Every structure is written in structure tokens, then in C-alpha cells.
file upload01.pdb (PDB, C-alpha atoms and all ligand atoms)
MODEL        1
ATOM      1  CA  MET K 934      45.819 130.671-109.493  1.00  0.00           C
ATOM      2  CA  LEU K 935      46.913 134.038-108.150  1.00  0.00           C
ATOM      3  CA  GLU K 936      44.944 137.161-108.918  1.00  0.00           C
ATOM      4  CA  ILE K 937      44.803 140.782-107.771  1.00  0.00           C
ATOM      5  CA  SER K 938      43.153 143.912-109.162  1.00  0.00           C
ATOM      6  CA  ILE K 939      44.701 147.271-108.369  1.00  0.00           C
ATOM      7  CA  LYS K 940      43.189 150.671-109.123  1.00  0.00           C
ATOM      8  CA  SER K 941      45.658 153.263-110.357  1.00  0.00           C
ATOM      9  CA  ASP K 942      44.547 156.873-110.378  1.00  0.00           C
ATOM     10  CA  SER K 943      48.079 158.234-110.826  1.00  0.00           C
ATOM     11  CA  LEU K 944      51.455 157.462-112.322  1.00  0.00           C
ATOM     12  CA  GLU K 945      52.748 156.956-108.779  1.00  0.00           C
ATOM     13  CA  VAL K 946      50.499 153.948-108.212  1.00  0.00           C
ATOM     14  CA  THR K 947      51.419 152.465-111.603  1.00  0.00           C
ATOM     15  CA  ASN K 948      55.092 152.948-110.766  1.00  0.00           C
ATOM     16  CA  GLU K 949      54.640 151.239-107.385  1.00  0.00           C
ATOM     17  CA  ILE K 950      53.225 148.205-109.204  1.00  0.00           C
ATOM     18  CA  GLY K 951      56.155 148.262-111.647  1.00  0.00           C
ATOM     19  CA  LYS K 952      58.650 148.569-108.817  1.00  0.00           C
ATOM     20  CA  LEU K 953      57.333 145.497-106.984  1.00  0.00           C
ATOM     21  CA  ILE K 954      57.296 143.491-110.221  1.00  0.00           C
ATOM     22  CA  GLY K 955      60.876 144.585-110.925  1.00  0.00           C
ATOM     23  CA  GLU K 956      62.056 143.709-107.416  1.00  0.00           C
ATOM     24  CA  GLU K 957      60.722 140.171-107.791  1.00  0.00           C
ATOM     25  CA  ALA K 958      61.782 139.623-111.425  1.00  0.00           C
ATOM     26  CA  PHE K 959      63.542 136.354-112.279  1.00  0.00           C
ATOM     27  CA  VAL K 960      65.408 134.708-115.155  1.00  0.00           C
ATOM     28  CA  GLY K 961      63.031 133.320-117.772  1.00  0.00           C
ATOM     29  CA  GLU K 962      60.060 135.340-116.542  1.00  0.00           C
ATOM     30  CA  VAL K 963      57.416 136.371-119.072  1.00  0.00           C
ATOM     31  CA  ILE K 964      54.943 139.186-118.471  1.00  0.00           C
ATOM     32  CA  THR K 965      52.080 139.815-120.889  1.00  0.00           C
ATOM     33  CA  LEU K 966      50.486 143.261-120.987  1.00  0.00           C
ATOM     34  CA  SER K 967      47.049 143.628-122.552  1.00  0.00           C
ATOM     35  CA  GLY K 968      44.952 146.780-122.884  1.00  0.00           C
ATOM     36  CA  ASP K 969      44.141 149.512-125.382  1.00  0.00           C
ATOM     37  CA  LEU K 970      46.613 152.015-126.790  1.00  0.00           C
ATOM     38  CA  GLY K 971      47.414 154.482-124.041  1.00  0.00           C
ATOM     39  CA  ALA K 972      46.422 152.094-121.247  1.00  0.00           C
ATOM     40  CA  GLY K 973      49.848 152.266-119.616  1.00  0.00           C
ATOM     41  CA  LYS K 974      51.657 149.149-120.845  1.00  0.00           C
ATOM     42  CA  THR K 975      54.870 150.928-121.820  1.00  0.00           C
ATOM     43  CA  THR K 976      54.691 153.136-118.729  1.00  0.00           C
ATOM     44  CA  LEU K 977      54.631 150.046-116.515  1.00  0.00           C
ATOM     45  CA  THR K 978      57.474 148.461-118.508  1.00  0.00           C
ATOM     46  CA  LYS K 979      59.653 151.558-117.978  1.00  0.00           C
ATOM     47  CA  GLU K 980      59.377 151.240-114.204  1.00  0.00           C
ATOM     48  CA  ILE K 981      60.000 147.492-114.266  1.00  0.00           C
ATOM     49  CA  GLY K 982      63.127 148.086-116.380  1.00  0.00           C
ATOM     50  CA  LYS K 983      64.373 150.901-114.187  1.00  0.00           C
ATOM     51  CA  THR K 984      63.949 148.703-111.116  1.00  0.00           C
ATOM     52  CA  ILE K 985      65.928 145.787-112.551  1.00  0.00           C
ATOM     53  CA  GLY K 986      68.747 148.201-113.360  1.00  0.00           C
ATOM     54  CA  VAL K 987      68.310 149.099-117.028  1.00  0.00           C
ATOM     55  CA  LYS K 988      70.023 152.457-117.508  1.00  0.00           C
ATOM     56  CA  GLU K 989      68.810 153.254-121.028  1.00  0.00           C
ATOM     57  CA  ASP K 990      65.555 155.027-121.644  1.00  0.00           C
ATOM     58  CA  ILE K 991      62.844 152.481-122.381  1.00  0.00           C
ATOM     59  CA  ASN K 992      60.421 153.688-124.995  1.00  0.00           C
ATOM     60  CA  SER K 993      57.694 152.182-127.070  1.00  0.00           C
ATOM     61  CA  PRO K 994      59.117 149.503-129.365  1.00  0.00           C
ATOM     62  CA  THR K 995      56.143 149.656-131.757  1.00  0.00           C
ATOM     63  CA  PHE K 996      58.322 150.242-134.816  1.00  0.00           C
ATOM     64  CA  ASN K 997      60.937 147.724-133.721  1.00  0.00           C
ATOM     65  CA  ILE K 998      58.711 144.965-132.293  1.00  0.00           C
ATOM     66  CA  LEU K 999      61.588 143.715-130.126  1.00  0.00           C
ATOM     67  CA  LYS K1000      64.039 145.770-128.133  1.00  0.00           C
ATOM     68  CA  CYS K1001      66.785 144.150-126.079  1.00  0.00           C
ATOM     69  CA  TYR K1002      68.242 145.940-123.091  1.00  0.00           C
ATOM     70  CA  PHE K1003      71.427 144.108-122.131  1.00  0.00           C
ATOM     71  CA  ASN K1004      71.833 144.804-118.470  1.00  0.00           C
ATOM     72  CA  LYS K1005      75.134 144.316-116.768  1.00  0.00           C
ATOM     73  CA  ASN K1006      73.506 145.340-113.470  1.00  0.00           C
ATOM     74  CA  GLY K1007      70.975 142.528-113.513  1.00  0.00           C
ATOM     75  CA  LEU K1008      68.494 140.766-115.749  1.00  0.00           C
ATOM     76  CA  ASN K1009      68.360 141.495-119.447  1.00  0.00           C
ATOM     77  CA  LEU K1010      65.053 143.030-120.498  1.00  0.00           C
ATOM     78  CA  TYR K1011      63.382 141.954-123.723  1.00  0.00           C
ATOM     79  CA  HIS K1012      60.586 144.362-124.531  1.00  0.00           C
ATOM     80  CA  ILE K1013      58.235 143.175-127.251  1.00  0.00           C
ATOM     81  CA  ASP K1014      55.406 145.149-128.791  1.00  0.00           C
ATOM     82  CA  ALA K1015      53.548 142.775-131.104  1.00  0.00           C
ATOM     83  CA  TYR K1016      51.014 145.390-132.255  1.00  0.00           C
ATOM     84  CA  ARG K1017      52.344 145.391-135.823  1.00  0.00           C
ATOM     85  CA  LEU K1018      52.276 141.596-136.082  1.00  0.00           C
ATOM     86  CA  GLU K1019      48.499 141.424-136.306  1.00  0.00           C
ATOM     87  CA  GLY K1020      47.552 139.046-139.144  1.00  0.00           C
ATOM     88  CA  VAL K1021      51.167 138.093-139.910  1.00  0.00           C
ATOM     89  CA  PRO K1022      51.610 134.320-140.420  1.00  0.00           C
ATOM     90  CA  LYS K1023      53.706 132.501-137.828  1.00  0.00           C
ATOM     91  CA  GLU K1024      56.569 131.664-140.208  1.00  0.00           C
ATOM     92  CA  ASN K1025      57.064 135.369-140.882  1.00  0.00           C
ATOM     93  CA  LYS K1026      57.032 136.301-137.220  1.00  0.00           C
ATOM     94  CA  ASN K1027      60.212 134.587-136.215  1.00  0.00           C
ATOM     95  CA  ILE K1028      62.390 137.521-135.478  1.00  0.00           C
ATOM     96  CA  GLY K1029      64.152 135.964-132.515  1.00  0.00           C
ATOM     97  CA  LEU K1030      61.098 135.820-130.294  1.00  0.00           C
ATOM     98  CA  GLU K1031      61.700 132.188-129.318  1.00  0.00           C
ATOM     99  CA  GLU K1032      65.196 133.026-128.125  1.00  0.00           C
ATOM    100  CA  VAL K1033      64.112 135.787-125.770  1.00  0.00           C
ATOM    101  CA  ILE K1034      60.802 134.404-124.472  1.00  0.00           C
ATOM    102  CA  GLU K1035      61.640 132.252-121.444  1.00  0.00           C
ATOM    103  CA  GLY K1036      65.275 133.067-122.224  1.00  0.00           C
ATOM    104  CA  ASP K1037      68.089 134.452-120.085  1.00  0.00           C
ATOM    105  CA  GLY K1038      66.193 137.498-118.865  1.00  0.00           C
ATOM    106  CA  LEU K1039      62.779 139.044-118.410  1.00  0.00           C
ATOM    107  CA  ALA K1040      60.427 139.301-121.403  1.00  0.00           C
ATOM    108  CA  VAL K1041      57.691 141.945-121.257  1.00  0.00           C
ATOM    109  CA  ILE K1042      55.167 141.648-124.076  1.00  0.00           C
ATOM    110  CA  GLU K1043      52.654 144.260-125.202  1.00  0.00           C
ATOM    111  CA  TRP K1044      49.813 142.946-127.433  1.00  0.00           C
ATOM    112  CA  PRO K1045      50.551 139.261-126.620  1.00  0.00           C
ATOM    113  CA  ILE K1046      47.450 138.177-128.549  1.00  0.00           C
ATOM    114  CA  TYR K1047      49.308 138.739-131.838  1.00  0.00           C
ATOM    115  CA  ILE K1048      52.101 136.323-130.935  1.00  0.00           C
ATOM    116  CA  ASN K1049      50.149 133.826-128.889  1.00  0.00           C
ATOM    117  CA  GLU K1050      51.654 130.909-130.868  1.00  0.00           C
ATOM    118  CA  PHE K1051      54.922 131.740-129.113  1.00  0.00           C
ATOM    119  CA  LEU K1052      53.465 132.077-125.621  1.00  0.00           C
ATOM    120  CA  ASN K1053      52.534 129.829-122.757  1.00  0.00           C
ATOM    121  CA  PHE K1054      49.945 131.837-120.836  1.00  0.00           C
ATOM    122  CA  GLU K1055      49.897 129.174-118.093  1.00  0.00           C
ATOM    123  CA  GLU K1056      53.406 130.154-117.059  1.00  0.00           C
ATOM    124  CA  SER K1057      53.444 133.922-117.466  1.00  0.00           C
ATOM    125  CA  LEU K1058      52.243 136.821-115.366  1.00  0.00           C
ATOM    126  CA  ASN K1059      49.292 138.163-117.330  1.00  0.00           C
ATOM    127  CA  ILE K1060      48.331 141.783-116.787  1.00  0.00           C
ATOM    128  CA  THR K1061      45.251 143.436-118.269  1.00  0.00           C
ATOM    129  CA  ILE K1062      44.805 147.186-117.988  1.00  0.00           C
ATOM    130  CA  THR K1063      41.416 148.834-118.485  1.00  0.00           C
ATOM    131  CA  ILE K1064      40.702 152.547-118.309  1.00  0.00           C
ATOM    132  CA  ASN K1065      37.548 154.168-117.117  1.00  0.00           C
ATOM    133  CA  LYS K1066      37.314 156.935-119.722  1.00  0.00           C
ATOM    134  CA  ASP K1067      35.174 159.149-117.471  1.00  0.00           C
ATOM    135  CA  THR K1068      37.394 159.093-114.399  1.00  0.00           C
ATOM    136  CA  ASN K1069      40.753 158.219-116.046  1.00  0.00           C
ATOM    137  CA  VAL K1070      41.207 155.562-113.349  1.00  0.00           C
ATOM    138  CA  ARG K1071      43.036 152.480-114.584  1.00  0.00           C
ATOM    139  CA  LEU K1072      42.404 148.984-113.325  1.00  0.00           C
ATOM    140  CA  PHE K1073      45.460 146.704-113.385  1.00  0.00           C
ATOM    141  CA  LYS K1074      44.387 143.074-113.185  1.00  0.00           C
ATOM    142  CA  LEU K1075      47.307 140.713-112.548  1.00  0.00           C
ATOM    143  CA  GLU K1076      46.779 136.981-112.929  1.00  0.00           C
ATOM    144  CA  THR K1077      48.900 133.863-113.106  1.00  0.00           C
ATOM    145  CA  TYR K1078      48.577 130.091-112.901  1.00  0.00           C
ATOM    146  CA  ASN K1079      52.246 129.897-111.943  1.00  0.00           C
ATOM    147  CA  ASP K1080      51.584 130.067-108.188  1.00  0.00           C
ATOM    148  CA  THR K1081      55.070 128.983-107.200  1.00  0.00           C
ATOM    149  CA  LYS K1082      57.185 131.440-109.135  1.00  0.00           C
ATOM    150  CA  PHE K1083      54.932 134.447-108.520  1.00  0.00           C
ATOM    151  CA  ASN K1084      54.013 133.704-104.912  1.00  0.00           C
ATOM    152  CA  ASP K1085      56.371 136.253-103.347  1.00  0.00           C
ATOM    153  CA  LEU K1086      55.288 138.978-105.758  1.00  0.00           C
ATOM    154  CA  PHE K1087      51.619 138.454-104.919  1.00  0.00           C
ATOM    155  CA  ILE K1088      52.368 138.537-101.187  1.00  0.00           C
ATOM    156  CA  LYS K1089      54.062 141.908-101.675  1.00  0.00           C
ATOM    157  CA  LEU K1090      51.271 143.224-103.894  1.00  0.00           C
ATOM    158  CA  ARG K1091      48.616 142.165-101.373  1.00  0.00           C
ATOM    159  CA  ASN K1092      50.526 143.736 -98.503  1.00  0.00           C
ATOM    160  CA  LYS K1093      50.763 146.999-100.373  1.00  0.00           C
ATOM    161  CA  PHE K1094      47.416 147.248-102.141  1.00  0.00           C
ATOM    162  CA  ASP K1095      44.840 145.038-100.403  1.00  0.00           C
ATOM    163  CA  LYS K1096      43.029 147.007 -97.765  1.00  0.00           C
TER
HETATM  164  N1  LIG L1101      47.729 155.962-113.697  1.00  0.00           N
HETATM  165  C1  LIG L1101      48.403 155.893-114.857  1.00  0.00           C
HETATM  166  N2  LIG L1101      49.078 154.777-115.167  1.00  0.00           N
HETATM  167  C2  LIG L1101      49.747 154.684-116.350  1.00  0.00           C
HETATM  168  N3  LIG L1101      49.785 155.663-117.282  1.00  0.00           N
HETATM  169  C3  LIG L1101      49.145 156.811-117.010  1.00  0.00           C
HETATM  170  C4  LIG L1101      48.426 156.973-115.783  1.00  0.00           C
HETATM  171  N4  LIG L1101      47.863 158.198-115.789  1.00  0.00           N
HETATM  172  C5  LIG L1101      48.225 158.786-116.941  1.00  0.00           C
HETATM  173  N5  LIG L1101      49.007 157.962-117.689  1.00  0.00           N
HETATM  174  C6  LIG L1101      49.554 158.313-119.006  1.00  0.00           C
HETATM  175  O1  LIG L1101      48.955 157.466-119.983  1.00  0.00           O
HETATM  176  C7  LIG L1101      49.872 157.207-121.035  1.00  0.00           C
HETATM  177  C8  LIG L1101      50.036 155.709-121.207  1.00  0.00           C
HETATM  178  O2  LIG L1101      50.810 155.487-122.362  1.00  0.00           O
HETATM  179  P1  LIG L1101      51.608 154.165-122.638  1.00  0.00           P
HETATM  180  O3  LIG L1101      52.203 153.648-121.391  1.00  0.00           O
HETATM  181  O4  LIG L1101      52.527 154.445-123.782  1.00  0.00           O
HETATM  182  O5  LIG L1101      50.413 153.204-123.093  1.00  0.00           O
HETATM  183  P2  LIG L1101      50.436 151.838-123.920  1.00  0.00           P
HETATM  184  O6  LIG L1101      51.835 151.327-123.950  1.00  0.00           O
HETATM  185  O7  LIG L1101      49.485 150.956-123.162  1.00  0.00           O
HETATM  186  O8  LIG L1101      49.907 152.169-125.285  1.00  0.00           O
HETATM  187  C9  LIG L1101      51.185 157.864-120.656  1.00  0.00           C
HETATM  188  O9  LIG L1101      51.266 159.118-121.313  1.00  0.00           O
HETATM  189  C10 LIG L1101      51.050 158.049-119.152  1.00  0.00           C
HETATM  190  O10 LIG L1101      51.798 159.152-118.668  1.00  0.00           O
HETATM  191 MG    MG L1102      53.067 150.749-125.587  1.00  0.00          MG
ENDMDL
END
call {"tool": "encode", "arguments": {"input": "upload01.pdb", "output": "C-alpha cells"}}
result
Amino acid sequence: MLEISIKSDSLEVTNEIGKLIGEEAFVGEVITLSGDLGAGKTTLTKEIGKTIGVKEDINSPTFNILKCYFNKNGLNLYHIDAYRLEGVPKENKNIGLEEVIEGDGLAVIEWPIYINEFLNFEESLNITITINKDTNVRLFKLETYNDTKFNDLFIKLRNKFDK
């Protein structure tokens, strides 16, 4: 198991995390992003997308659930926001999720808990963001059981953020 917690007190730090994730992104990768509304899930996704070469503006897919960014410069980005799927039965959730999760690009999933029937949390990079409401400092906790595929990313993260 690989694990690191990084404190972000500015957008710059969050973007540095996103940049490293983007630099190490691979085909079939799945990233889950958990945390309250406003935690910074979409903000992190924007930087990941920018780094892998997505030219379009990445915005919150809440009303779309799934947005596909076909990327001729690199990996396709599949950005899922499952927030509106809370309580929806599995048979009504199949909107192409199975095709894009562990598909031909990178899937980034906000509110993974609402589509956990489609996910294999043992394989993905799981990120939980918590905010300290008093200080506005965010804690990004990154965890994975997939030590092999995420090894290089965690080396880079430790080099940059571990004192
Ligand atoms: N350190 C930080 N990291 C990420 N976002 C931050 C940070 N500081 C302030 N913000 C702001 O918090 C908001 C996070 O919103 P967003 O990324 O849409 O959250 P979510 O997708 O988790 O609901 C953005 O307006 C962003 O500019
Ligand atoms: Mg969001």
C-alpha cells in the first residue's frame, strides 16, 4: 500500500499535486476523488487534464455526470461526477461508465461512493480531500493498493512534499 498526505494552503500546491499526477498518468488509470462540495476535486482534475494535454476548459460535470475529453495530444480524459447518482439503482446508472472506467484513457471520478458498483478501489488511486474550515488548509490524502502502477508517482510526490 502506498500512502501520502499533503497539506495544501494554496491553489499552487494543489496544482503541483495535479501536475505530478498528470505527468505519471497511464492508460486505464482510475482516480477517485472524495471530499465535500468545494473541497477541490474539480480544481485538481483541471490541472491533471491540462498536464496530459487537454486543451478544452474542464469544468464541473455535475449536470452531465460524464464528460469525455478526446485528446489527440495524449490520454483521453473521462471526468465523472457521480453526485447526482445518489440512490439511483445500478441498472439505471449505465450511461457508458463501464466503457470509460479502466478504458483507453484516464478516468477521474468525483463522488465515487455513488457508483461504487462500477469501481475496483483496490486498483485505483484514491484521493480524499478534507478542509480545515478555520484555516482553509486542505489535506490531500492519496492512497493506493496498486503499488506497482503508482510507484513512480509516489516517489515523485515524496521527493516534492515529504520533508
Ligand atoms: N488550496 C486549494 N486547493 C483547491 N481549491 C482551492 C484551494 N484554495 C481555494 N480553493 C478554491 O476552492 C474551490 C474548490 O472548488 P471545486 O474544485 O469545484 O470543488 P469540488 O469539485 O470538490 O466541489 C475553488 O473555487 C478553488 O479555487
Ligand atoms: Mg466538483
call {"tool": "resolve_selection", "arguments": {"input": "upload01.pdb", "expression": "the PyMOL selection byres (((chain K and resi 1035-1046) around 6) and not hetatm)", "output": "VMD selection string"}}
result
chain K and resid 960 to 967 1008 to 1016 1032 to 1034 1047 to 1049
call {"tool": "atom_distance", "arguments": {"input": "upload01.pdb", "atom1": "atom C5 of ligand LIG 1101 (chain L)", "atom2": "CA of Leu944 in chain K"}}
result
5.8 Å
call {"tool": "resolve_selection", "arguments": {"input": "upload01.pdb", "expression": "the PyMOL selection byres (((chain K and resi 1080-1092) around 12) and not hetatm)", "output": "ChimeraX atom specification"}}
result
/K:934-939,946,949-964,1055-1059,1073-1079,1093-1096
call {"tool": "write_last_selection", "arguments": {"input": "upload01.pdb", "atoms": "C-alpha atoms", "output": "tab-separated table (two decimals), keeping the file's coordinate frame"}}
result
chain	number	residue	atom	x	y	z
K	934	MET	CA	45.82	130.67	-109.49
K	935	LEU	CA	46.91	134.04	-108.15
K	936	GLU	CA	44.94	137.16	-108.92
K	937	ILE	CA	44.80	140.78	-107.77
K	938	SER	CA	43.15	143.91	-109.16
K	939	ILE	CA	44.70	147.27	-108.37
K	946	VAL	CA	50.50	153.95	-108.21
K	949	GLU	CA	54.64	151.24	-107.38
K	950	ILE	CA	53.22	148.21	-109.20
K	951	GLY	CA	56.16	148.26	-111.65
K	952	LYS	CA	58.65	148.57	-108.82
K	953	LEU	CA	57.33	145.50	-106.98
K	954	ILE	CA	57.30	143.49	-110.22
K	955	GLY	CA	60.88	144.58	-110.92
K	956	GLU	CA	62.06	143.71	-107.42
K	957	GLU	CA	60.72	140.17	-107.79
K	958	ALA	CA	61.78	139.62	-111.42
K	959	PHE	CA	63.54	136.35	-112.28
K	960	VAL	CA	65.41	134.71	-115.16
K	961	GLY	CA	63.03	133.32	-117.77
K	962	GLU	CA	60.06	135.34	-116.54
K	963	VAL	CA	57.42	136.37	-119.07
K	964	ILE	CA	54.94	139.19	-118.47
K	1055	GLU	CA	49.90	129.17	-118.09
K	1056	GLU	CA	53.41	130.15	-117.06
K	1057	SER	CA	53.44	133.92	-117.47
K	1058	LEU	CA	52.24	136.82	-115.37
K	1059	ASN	CA	49.29	138.16	-117.33
K	1073	PHE	CA	45.46	146.70	-113.38
K	1074	LYS	CA	44.39	143.07	-113.18
K	1075	LEU	CA	47.31	140.71	-112.55
K	1076	GLU	CA	46.78	136.98	-112.93
K	1077	THR	CA	48.90	133.86	-113.11
K	1078	TYR	CA	48.58	130.09	-112.90
K	1079	ASN	CA	52.25	129.90	-111.94
K	1093	LYS	CA	50.76	147.00	-100.37
K	1094	PHE	CA	47.42	147.25	-102.14
K	1095	ASP	CA	44.84	145.04	-100.40
K	1096	LYS	CA	43.03	147.01	-97.76
call {"tool": "axis_aligned_box", "arguments": {"input": "upload01.pdb", "around": "range 1028-1031 of chain K", "padding_each_side": "6 Å", "output": "AutoDock Vina command-line options"}}
result
--center_x 62.6 --center_y 134.9 --center_z -132.4 --size_x 15.1 --size_y 17.3 --size_z 18.2
call {"tool": "resolve_selection", "arguments": {"input": "upload01.pdb", "expression": "the PyMOL selection byres (((chain K and resi 1070-1072) around 8) and not hetatm)", "output": "PyMOL selection string"}}
result
chain K and resi 938-943+972+1061-1066+1068-1069+1073-1074
call {"tool": "residues_near_ligand", "arguments": {"input": "upload01.pdb", "ligand": "ligand MG 1102 (chain L)", "cutoff": "6 Å", "atoms": "only C-alpha atoms and all ligand atoms", "output": "list in words"}}
result
Lys974, Thr975 and Ser993 of chain K
call {"tool": "atom_distance", "arguments": {"input": "upload01.pdb", "atom1": "atom N5 of ligand LIG 1101 (chain L)", "atom2": "CA of Ile1060 in chain K"}}
result
16.2 Å
call {"tool": "atom_distance", "arguments": {"input": "upload01.pdb", "atom1": "CA of Phe1003 in chain K", "atom2": "CA of Val1021 in chain K"}}
result
27.6 Å
call {"tool": "closest_residue", "arguments": {"input": "upload01.pdb", "among": "K:Ile991, K:Leu1030, K:Leu1052, K:Ile985", "to": "ligand LIG 1101 (chain L)", "atoms": "only C-alpha atoms and all ligand atoms"}}
result
K:Ile991
call {"tool": "residues_around", "arguments": {"input": "upload01.pdb", "residues": "Asp990 in chain K", "least_positions_apart": "6", "cutoff": "10 Å", "atoms": "only C-alpha atoms", "output": "PyMOL selection string"}}
result
chain K and resi 979+982-983+1002
call {"tool": "closest_residue", "arguments": {"input": "upload01.pdb", "among": "K:Asp969, K:Cys1001, K:Phe1051, K:Phe996", "to": "ligand LIG 1101 (chain L)", "atoms": "all atoms listed in the file"}}
result
K:Asp969
call {"tool": "build_atoms", "arguments": {"input": "upload01.pdb", "residues": "range 976-997 of chain K", "atoms": "N, CA and C atoms", "output": "CSV table (one decimal), in the frame of the given file"}}
result
chain,number,residue,atom,x,y,z
K,976,THR,N,54.4,152.4,-120.0
K,976,THR,CA,54.7,153.1,-118.7
K,976,THR,C,55.1,152.2,-117.6
K,977,LEU,N,54.3,151.1,-117.5
K,977,LEU,CA,54.6,150.0,-116.5
K,977,LEU,C,56.0,149.4,-116.8
K,978,THR,N,56.2,149.1,-118.1
K,978,THR,CA,57.5,148.5,-118.5
K,978,THR,C,58.7,149.3,-118.1
K,979,LYS,N,58.6,150.6,-118.3
K,979,LYS,CA,59.7,151.6,-118.0
K,979,LYS,C,60.1,151.4,-116.5
K,980,GLU,N,59.1,151.3,-115.6
K,980,GLU,CA,59.4,151.2,-114.2
K,980,GLU,C,60.0,149.9,-113.8
K,981,ILE,N,59.4,148.8,-114.5
K,981,ILE,CA,60.0,147.5,-114.3
K,981,ILE,C,61.5,147.5,-114.7
K,982,GLY,N,61.8,148.0,-115.9
K,982,GLY,CA,63.1,148.1,-116.4
K,982,GLY,C,64.0,148.9,-115.5
K,983,LYS,N,63.6,150.0,-115.1
K,983,LYS,CA,64.4,150.9,-114.2
K,983,LYS,C,64.7,150.1,-112.9
K,984,THR,N,63.7,149.4,-112.4
K,984,THR,CA,63.9,148.7,-111.1
K,984,THR,C,64.9,147.6,-111.3
K,985,ILE,N,65.0,146.9,-112.4
K,985,ILE,CA,65.9,145.8,-112.6
K,985,ILE,C,67.3,146.3,-113.0
K,986,GLY,N,67.4,147.6,-113.2
K,986,GLY,CA,68.7,148.2,-113.4
K,986,GLY,C,69.1,148.6,-114.8
K,987,VAL,N,68.1,148.6,-115.7
K,987,VAL,CA,68.3,149.1,-117.0
K,987,VAL,C,68.6,150.6,-117.0
K,988,LYS,N,69.7,151.0,-117.6
K,988,LYS,CA,70.0,152.5,-117.5
K,988,LYS,C,69.5,153.2,-118.7
K,989,GLU,N,69.3,152.6,-119.8
K,989,GLU,CA,68.8,153.3,-121.0
K,989,GLU,C,67.4,153.6,-120.9
K,990,ASP,N,66.9,154.6,-121.6
K,990,ASP,CA,65.6,155.0,-121.6
K,990,ASP,C,64.7,154.0,-122.4
K,991,ILE,N,63.7,153.5,-121.7
K,991,ILE,CA,62.8,152.5,-122.4
K,991,ILE,C,61.7,153.2,-123.0
K,992,ASN,N,61.6,153.0,-124.3
K,992,ASN,CA,60.4,153.7,-125.0
K,992,ASN,C,59.7,152.7,-125.8
K,993,SER,N,58.6,153.1,-126.4
K,993,SER,CA,57.7,152.2,-127.1
K,993,SER,C,58.4,151.5,-128.2
K,994,PRO,N,58.4,150.2,-128.3
K,994,PRO,CA,59.1,149.5,-129.4
K,994,PRO,C,58.2,149.2,-130.6
K,995,THR,N,57.1,150.0,-130.7
K,995,THR,CA,56.1,149.7,-131.8
K,995,THR,C,56.8,149.5,-133.1
K,996,PHE,N,57.7,150.3,-133.5
K,996,PHE,CA,58.3,150.2,-134.8
K,996,PHE,C,59.5,149.2,-134.9
K,997,ASN,N,59.9,148.7,-133.7
K,997,ASN,CA,60.9,147.7,-133.7
K,997,ASN,C,60.5,146.3,-133.4
